[in-house]
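Participant: So I've got this file, model-v1.csv, and it contains CSV, C-alpha atoms:
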```csv
chain,number,residue,atom,x,y,z
A,1244,MET,CA,1.0,-19.8,5.2
A,1245,LEU,CA,2.6,-16.6,3.9
A,1246,ARG,CA,6.0,-16.2,5.7
A,1247,PHE,CA,7.8,-12.9,6.5
A,1248,ASP,CA,11.3,-13.1,8.1
A,1249,GLY,CA,12.9,-10.0,9.5
A,1250,TRP,CA,12.7,-7.4,12.3
A,1251,ILE,CA,10.0,-5.3,13.9
A,1252,ALA,CA,10.9,-2.2,15.9
A,1253,GLY,CA,8.3,-0.5,18.1
A,1254,ILE,CA,9.2,3.1,19.2
A,1255,GLY,CA,7.3,5.7,21.2
A,1256,THR,CA,8.1,9.4,21.3
A,1257,ALA,CA,7.7,12.1,23.9
A,1258,SER,CA,5.1,13.9,21.7
A,1259,GLY,CA,2.8,10.8,21.9
A,1260,ALA,CA,3.5,9.7,18.3
A,1261,ARG,CA,4.4,6.0,17.9
A,1262,ALA,CA,6.0,4.1,15.0
A,1263,VAL,CA,6.3,0.4,14.1
A,1264,LEU,CA,9.0,-0.5,11.6
A,1265,GLY,CA,8.8,-3.8,9.7
A,1266,HIS,CA,12.1,-4.7,8.0
A,1267,TRP,CA,11.7,-7.9,6.0
A,1268,ALA,CA,14.8,-9.7,4.6
A,1269,ARG,CA,12.5,-12.5,3.1
A,1270,SER,CA,8.8,-12.2,2.2
A,1271,PRO,CA,6.4,-13.2,-0.6
A,1272,PHE,CA,7.2,-9.8,-2.1
A,1273,GLY,CA,11.0,-10.0,-1.7
A,1274,PRO,CA,12.9,-7.8,0.7
A,1275,PHE,CA,11.1,-4.6,1.7
A,1276,SER,CA,10.4,-2.3,4.7
A,1277,ASP,CA,7.3,-0.6,5.8
A,1278,VAL,CA,6.3,1.8,8.7
A,1279,MET,CA,3.0,2.0,10.6
A,1280,PHE,CA,2.7,5.4,12.2
A,1281,GLU,CA,0.2,6.6,14.7
A,1282,GLY,CA,0.2,10.3,15.6
A,1283,ALA,CA,-0.5,11.8,19.0
A,1284,ASP,CA,-4.0,12.6,17.6
A,1285,GLY,CA,-4.6,8.8,17.0
A,1286,ARG,CA,-4.5,9.0,13.2
A,1287,ARG,CA,-3.0,5.8,11.7
A,1288,LEU,CA,-0.8,6.0,8.7
A,1289,LEU,CA,0.9,3.2,6.6
A,1290,LEU,CA,4.0,4.0,4.7
A,1291,ALA,CA,4.8,1.2,2.2
A,1292,PRO,CA,7.2,1.1,-0.8
A,1293,THR,CA,4.9,-0.4,-3.5
A,1294,ARG,CA,1.2,-0.5,-4.2
A,1295,GLU,CA,1.4,-4.3,-3.9
A,1296,THR,CA,2.8,-4.3,-0.4
A,1297,ALA,CA,0.6,-1.4,0.6
A,1298,ASP,CA,-2.6,-3.2,-0.5
A,1299,PHE,CA,-1.5,-6.4,1.2
A,1300,ILE,CA,-0.7,-4.7,4.6
A,1301,ALA,CA,-3.8,-2.5,4.5
A,1302,GLY,CA,-5.8,-5.7,3.9
A,1303,LEU,CA,-4.6,-7.1,7.2
A,1304,TYR,CA,-4.5,-4.0,9.5
A,1305,VAL,CA,-6.5,-0.8,10.0
A,1306,PHE,CA,-5.3,2.6,8.8
A,1307,ASP,CA,-6.8,6.0,8.3
A,1308,GLU,CA,-4.4,6.7,5.4
A,1309,VAL,CA,-2.1,4.7,3.2
A,1310,ARG,CA,0.8,6.3,1.3
A,1311,VAL,CA,3.1,4.6,-1.2
A,1312,VAL,CA,6.6,6.1,-0.7
A,1313,PRO,CA,10.2,4.9,-0.8
A,1314,VAL,CA,11.1,3.4,2.5
A,1315,ASP,CA,14.9,3.4,3.0
A,1316,VAL,CA,16.5,1.5,6.0
A,1317,ARG,CA,20.2,1.7,6.7
A,1318,ILE,CA,21.9,-0.3,9.5
A,1319,THR,CA,25.3,0.6,10.8
A,1320,GLY,CA,27.2,-1.7,13.1
A,1321,HIS,CA,24.1,-3.8,13.8
A,1322,ARG,CA,23.0,-1.3,16.4
A,1323,HIS,CA,22.3,2.0,14.7
A,1324,TRP,CA,19.2,2.2,12.4
A,1325,SER,CA,18.3,5.0,10.0
A,1326,VAL,CA,14.8,5.0,8.5
A,1327,THR,CA,13.7,7.5,5.8
A,1328,ALA,CA,10.1,7.2,4.6
A,1329,ALA,CA,8.7,10.6,3.7
A,1330,PRO,CA,7.3,12.3,5.7
A,1331,LEU,CA,8.9,10.4,8.5
A,1332,ASP,CA,12.6,10.5,9.5
A,1333,LEU,CA,13.6,8.1,12.2
A,1334,ARG,CA,16.9,7.2,13.9
A,1335,PHE,CA,17.3,4.7,16.7
A,1336,GLY,CA,20.0,2.7,18.5
A,1337,THR,CA,19.8,-0.6,20.3
A,1338,GLY,CA,21.5,-2.0,23.4
A,1339,ARG,CA,23.1,-5.4,24.1
A,1340,ARG,CA,20.9,-8.4,24.1
A,1341,GLY,CA,19.3,-8.9,27.6
A,1342,LEU,CA,17.7,-11.9,29.3
A,1343,PRO,CA,14.6,-11.9,27.1
A,1344,GLY,CA,16.7,-11.9,23.9
A,1345,LEU,CA,19.0,-14.7,25.3
A,1346,ALA,CA,15.9,-16.8,26.2
A,1347,LEU,CA,14.4,-16.3,22.7
A,1348,ARG,CA,17.6,-17.2,21.0
A,1349,ALA,CA,17.8,-20.4,23.0
A,1350,VAL,CA,14.6,-21.8,21.4
A,1351,PRO,CA,15.4,-23.7,18.1
A,1352,ALA,CA,14.1,-21.8,15.1
A,1353,GLY,CA,12.0,-24.8,14.0
A,1354,LEU,CA,10.1,-24.7,17.3
A,1355,ALA,CA,9.9,-20.9,17.7
A,1356,THR,CA,8.0,-20.6,14.5
A,1357,ARG,CA,5.4,-23.3,15.1
A,1358,PRO,CA,1.9,-21.9,15.6
A,1359,GLY,CA,1.3,-24.2,18.6
A,1360,TRP,CA,4.4,-22.9,20.4
A,1361,ILE,CA,3.6,-19.3,19.5
A,1362,ALA,CA,0.0,-19.7,20.8
A,1363,LEU,CA,1.4,-21.2,24.1
A,1364,TRP,CA,3.2,-17.9,24.8
A,1365,ASP,CA,0.4,-15.5,23.9
A,1366,ARG,CA,-0.9,-14.9,27.4
A,1367,PRO,CA,2.5,-14.6,29.1
A,1368,ALA,CA,3.6,-12.1,26.3
A,1369,ARG,CA,0.5,-10.0,26.9
A,1370,LEU,CA,1.0,-9.9,30.6
A,1371,LEU,CA,4.8,-9.3,30.5
A,1372,LEU,CA,5.2,-7.2,27.4
A,1373,GLY,CA,1.8,-5.8,26.5
A,1374,ALA,CA,1.8,-7.5,23.1
A,1375,GLY,CA,0.3,-10.8,21.9
A,1376,THR,CA,1.9,-13.5,19.8
A,1377,HIS,CA,-1.0,-14.2,17.5
A,1378,GLY,CA,-4.5,-13.1,16.6
A,1379,SER,CA,-7.1,-12.6,13.9
A,1380,VAL,CA,-6.6,-9.8,11.3
A,1381,ARG,CA,-8.8,-8.5,8.5
A,1382,ALA,CA,-10.0,-10.6,5.6
A,1383,GLY,CA,-10.6,-13.6,7.9
A,1384,ARG,CA,-6.9,-14.3,8.2
A,1385,HIS,CA,-4.9,-15.3,11.3
A,1386,GLN,CA,-1.4,-14.2,12.1
A,1387,TRP,CA,1.4,-15.6,14.2
A,1388,TYR,CA,4.5,-13.8,15.5
A,1389,GLY,CA,7.4,-16.1,16.2
A,1390,ALA,CA,9.9,-14.0,18.2
A,1391,ARG,CA,13.5,-15.2,17.9
A,1392,ASP,CA,15.6,-12.4,19.4
A,1393,LEU,CA,15.0,-9.1,21.2
A,1394,HIS,CA,17.1,-5.9,21.8
A,1395,ARG,CA,16.0,-2.9,23.8
A,1396,VAL,CA,15.9,0.4,21.9
A,1397,THR,CA,18.0,2.7,23.9
A,1398,SER,CA,17.9,6.0,21.9
A,1399,ALA,CA,15.8,7.5,19.2
A,1400,THR,CA,15.1,10.7,17.3
A,1401,ALA,CA,12.2,11.2,15.0
A,1402,ALA,CA,10.6,14.0,12.9
A,1403,PHE,CA,7.4,14.1,10.9
A,1404,ASP,CA,7.0,16.6,8.1
A,1405,GLY,CA,10.1,18.3,9.6
A,1406,ALA,CA,8.6,18.6,13.1
A,1407,ASP,CA,10.6,17.1,16.0
A,1408,LEU,CA,8.6,14.4,17.7
A,1409,GLY,CA,10.6,14.4,21.0
A,1410,GLY,CA,12.8,11.9,22.6
A,1411,LEU,CA,12.4,8.1,23.2
A,1412,ALA,CA,9.3,7.1,25.2
A,1413,PRO,CA,7.2,4.0,25.9
A,1414,VAL,CA,4.8,2.9,23.1
A,1415,ASP,CA,1.9,4.2,25.2
A,1416,PRO,CA,-1.0,4.3,24.5
A,1417,PRO,CA,-0.8,1.0,22.5
A,1418,VAL,CA,-0.9,1.4,18.8
A,1419,ARG,CA,-4.2,0.3,17.2
A,1420,PHE,CA,-3.3,-1.2,13.9
A,1421,GLY,CA,-4.2,-4.8,14.8
A,1422,PRO,CA,-3.4,-7.7,17.1
A,1423,GLY,CA,0.1,-8.1,18.5
A,1424,SER,CA,1.4,-4.7,17.3
A,1425,THR,CA,4.4,-4.1,19.6
A,1426,PRO,CA,5.5,-4.2,23.3
A,1427,ARG,CA,5.1,-1.1,25.5
A,1428,SER,CA,8.9,-0.9,26.0
A,1429,PRO,CA,10.6,0.3,22.8
A,1430,CYS,CA,12.4,-2.7,21.4
A,1431,LEU,CA,13.7,-4.4,18.2
A,1432,VAL,CA,12.5,-8.0,17.8
A,1433,ARG,CA,13.8,-10.6,15.4
A,1434,VAL,CA,10.6,-12.3,14.2
A,1435,THR,CA,9.1,-14.8,11.7
A,1436,THR,CA,5.6,-13.7,11.0
A,1437,GLN,CA,3.2,-16.1,9.3
A,1438,VAL,CA,-0.2,-15.3,7.8
A,1439,ALA,CA,-2.7,-18.1,7.3
A,1440,VAL,CA,-4.6,-18.0,4.0
A,1441,ALA,CA,-7.2,-20.2,2.4
A,1442,GLN,CA,-6.2,-22.7,-0.3
A,1443,ASP,CA,-8.8,-22.0,-2.9
A,1444,GLY,CA,-7.0,-19.2,-4.7
A,1445,SER,CA,-9.6,-16.6,-3.7
A,1446,ALA,CA,-8.9,-13.3,-1.9
A,1447,ASP,CA,-7.8,-15.4,1.0
A,1448,GLY,CA,-5.9,-17.7,-1.3
A,1449,GLY,CA,-2.4,-19.1,-1.5
A,1450,LYS,CA,-0.8,-15.9,-2.7
A,1451,PRO,CA,-1.0,-12.3,-1.7
A,1452,ALA,CA,-4.1,-10.6,-3.0
A,1453,ALA,CA,-4.7,-6.9,-3.3
A,1454,ALA,CA,-7.2,-5.4,-0.8
A,1455,ASP,CA,-8.9,-2.0,-0.8
A,1456,PRO,CA,-7.5,-0.1,2.2
```
Represent the structure from my file as structure tokens, please.
Facilitator:
Amino acid sequence: MLRFDGWIAGIGTASGARAVLGHWARSPFGPFSDVMFEGADGRRLLLAPTRETADFIAGLYVFDEVRVVPVDVRITGHRHWSVTAAPLDLRFGTGRRGLPGLALRAVPAGLATRPGWIALWDRPARLLLGAGTHGSVRAGRHQWYGARDLHRVTSATAAFDGADLGGLAPVDPPVRFGPGSTPRSPCLVRVTTQVAVAQDGSADGGKPAAADP
């Protein structure tokens, strides 16, 4: 398993553009952040900070374009997030933890990240949130999302190439990067993501391998 610990934020805008931020405190690549962006026209863009992270993510998900750019994330007071990843400028705020977040935090971390437990909650998550908890990705790999906390996103502003994308809106239609993706309601999820790989040292081997996006 390759393990990524951090946060995923899914945000929709009134213009129809949608963004998914991955902010990883611990990963096989060290700390980093990336943004998956789908415009109102359906074009899917990956913004990643290094060629290594870009190749790995593009080897799992589907994009029309991949750009290697600095991805800067600043967090103020735990609730105010600022994301700069040219050409995207994103600001969002989160509210207090609600019942879903309290329920997720009540599950011991050791249990919340077990594939069997994650698979058990896949169907309820799809019905209630519109996002799955596991699924097959590219290169014959499988991915599990172990959610451990959740906050609603309560405000957001975003611009792409300097053009205002409008106010906060549901992530609708769903983004089309891969399985799971993000709930329809804008939210910030504390998550441990695990990617299963083969053990033979091949392209699906025990360490990240570059993939042609």
Participant: Could you jot down the CA of Leu1303 (chain A) to CA of Gln1386 (chain A) separation for me, Å, one decimal place?
Facilitator: 9.2 Å
Participant: Here is a test: counting all atoms listed in the file, which residue of A:Arg1317, A:His1385, A:Arg1294, A:Arg1261 is nearest to Met1279 (chain A)?
Facilitator: A:Arg1261
Participant: So what do you get for CA of Ser1398 (chain A) versus CA of Thr1296 (chain A), distance-wise?
Facilitator: 28.8 Å
Participant: Excluding region 1360-1366 of chain A and its own-chain neighbours fewer than 5 positions away, which residues fall within 7 Å of it when counting only C-alpha atoms? Please give them as a PDB file with C-alpha atoms, in the frame of the given file.
Facilitator:
```
ATOM      1  CA  LEU A1354      10.100 -24.700  17.300  1.00  0.00           C
ATOM      2  CA  ALA A1355       9.900 -20.900  17.700  1.00  0.00           C
ATOM      3  CA  GLY A1375       0.300 -10.800  21.900  1.00  0.00           C
ATOM      4  CA  THR A1376       1.900 -13.500  19.800  1.00  0.00           C
ATOM      5  CA  HIS A1377      -1.000 -14.200  17.500  1.00  0.00           C
ATOM      6  CA  TRP A1387       1.400 -15.600  14.200  1.00  0.00           C
ATOM      7  CA  TYR A1388       4.500 -13.800  15.500  1.00  0.00           C
ATOM      8  CA  GLY A1389       7.400 -16.100  16.200  1.00  0.00           C
TER       9      GLY A1389
END
```
Participant: Ala1346 (chain A): which residues within 9 Å, counting all atoms listed in the file, same-chain residues fewer than 5 positions away excluded, as a list in words?
Facilitator: Gly1341, Arg1391 and Asp1392 of chain A
Participant: Could you name the residues that touch Leu1245 (chain A) at 7 Å or less, counting all atoms listed in the file, but leaving out those on the same chain fewer than 2 positions away, as a ChimeraX atom specification?
Facilitator: /A:1247,1271,1437-1439
Participant: Of the candidates A:Leu1347, A:Leu1289, A:Leu1408, A:Val1434, which one gets nearest to Gly1259 (chain A) if we count only C-alpha atoms?
Facilitator: A:Leu1408
Participant: For the atom pair CA of Asp1407 (chain A) and CA of Ala1329 (chain A), what is the interatomic distance in Å to one decimal place?
Facilitator: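 It comes out at 14.0 Å.
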Participant: Restricting the calculation to all atoms listed in the file: of A:Ala1297, A:Asp1332, A:Thr1425, A:Val1314, which residue gets closest to Asp1404 (chain A)?
Facilitator: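 Result for the nearest residue to Asp1404 (chain A): A:Asp1332.
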Participant: With a distance cut-off of 7 Å and all atoms listed in the file, select the neighbouring residues of Gly1282 (chain A), excluding the residue or stretch itself and same-chain residues fewer than 2 positions from it, and output the selection as a list in words.
Facilitator: Gly1259, Ala1260, Arg1261, Phe1280, Asp1284, Gly1285, Arg1286 and Arg1287 of chain A
Participant: If you count all atoms listed in the file, which residues fall within 12 Å of Ala1257 (chain A), apart from same-chain ones fewer than 5 positions away, as an NGL selection string?
Facilitator: :A and (1282-1283 or 1399-1402 or 1407-1416)
Participant: Which of these, A:Met1244, A:Ile1254, A:Leu1290, A:Ala1390, has the shortest distance to Glu1308 (chain A) once you count only C-alpha atoms?
Facilitator: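 Nearest to Glu1308 (chain A): A:Leu1290.
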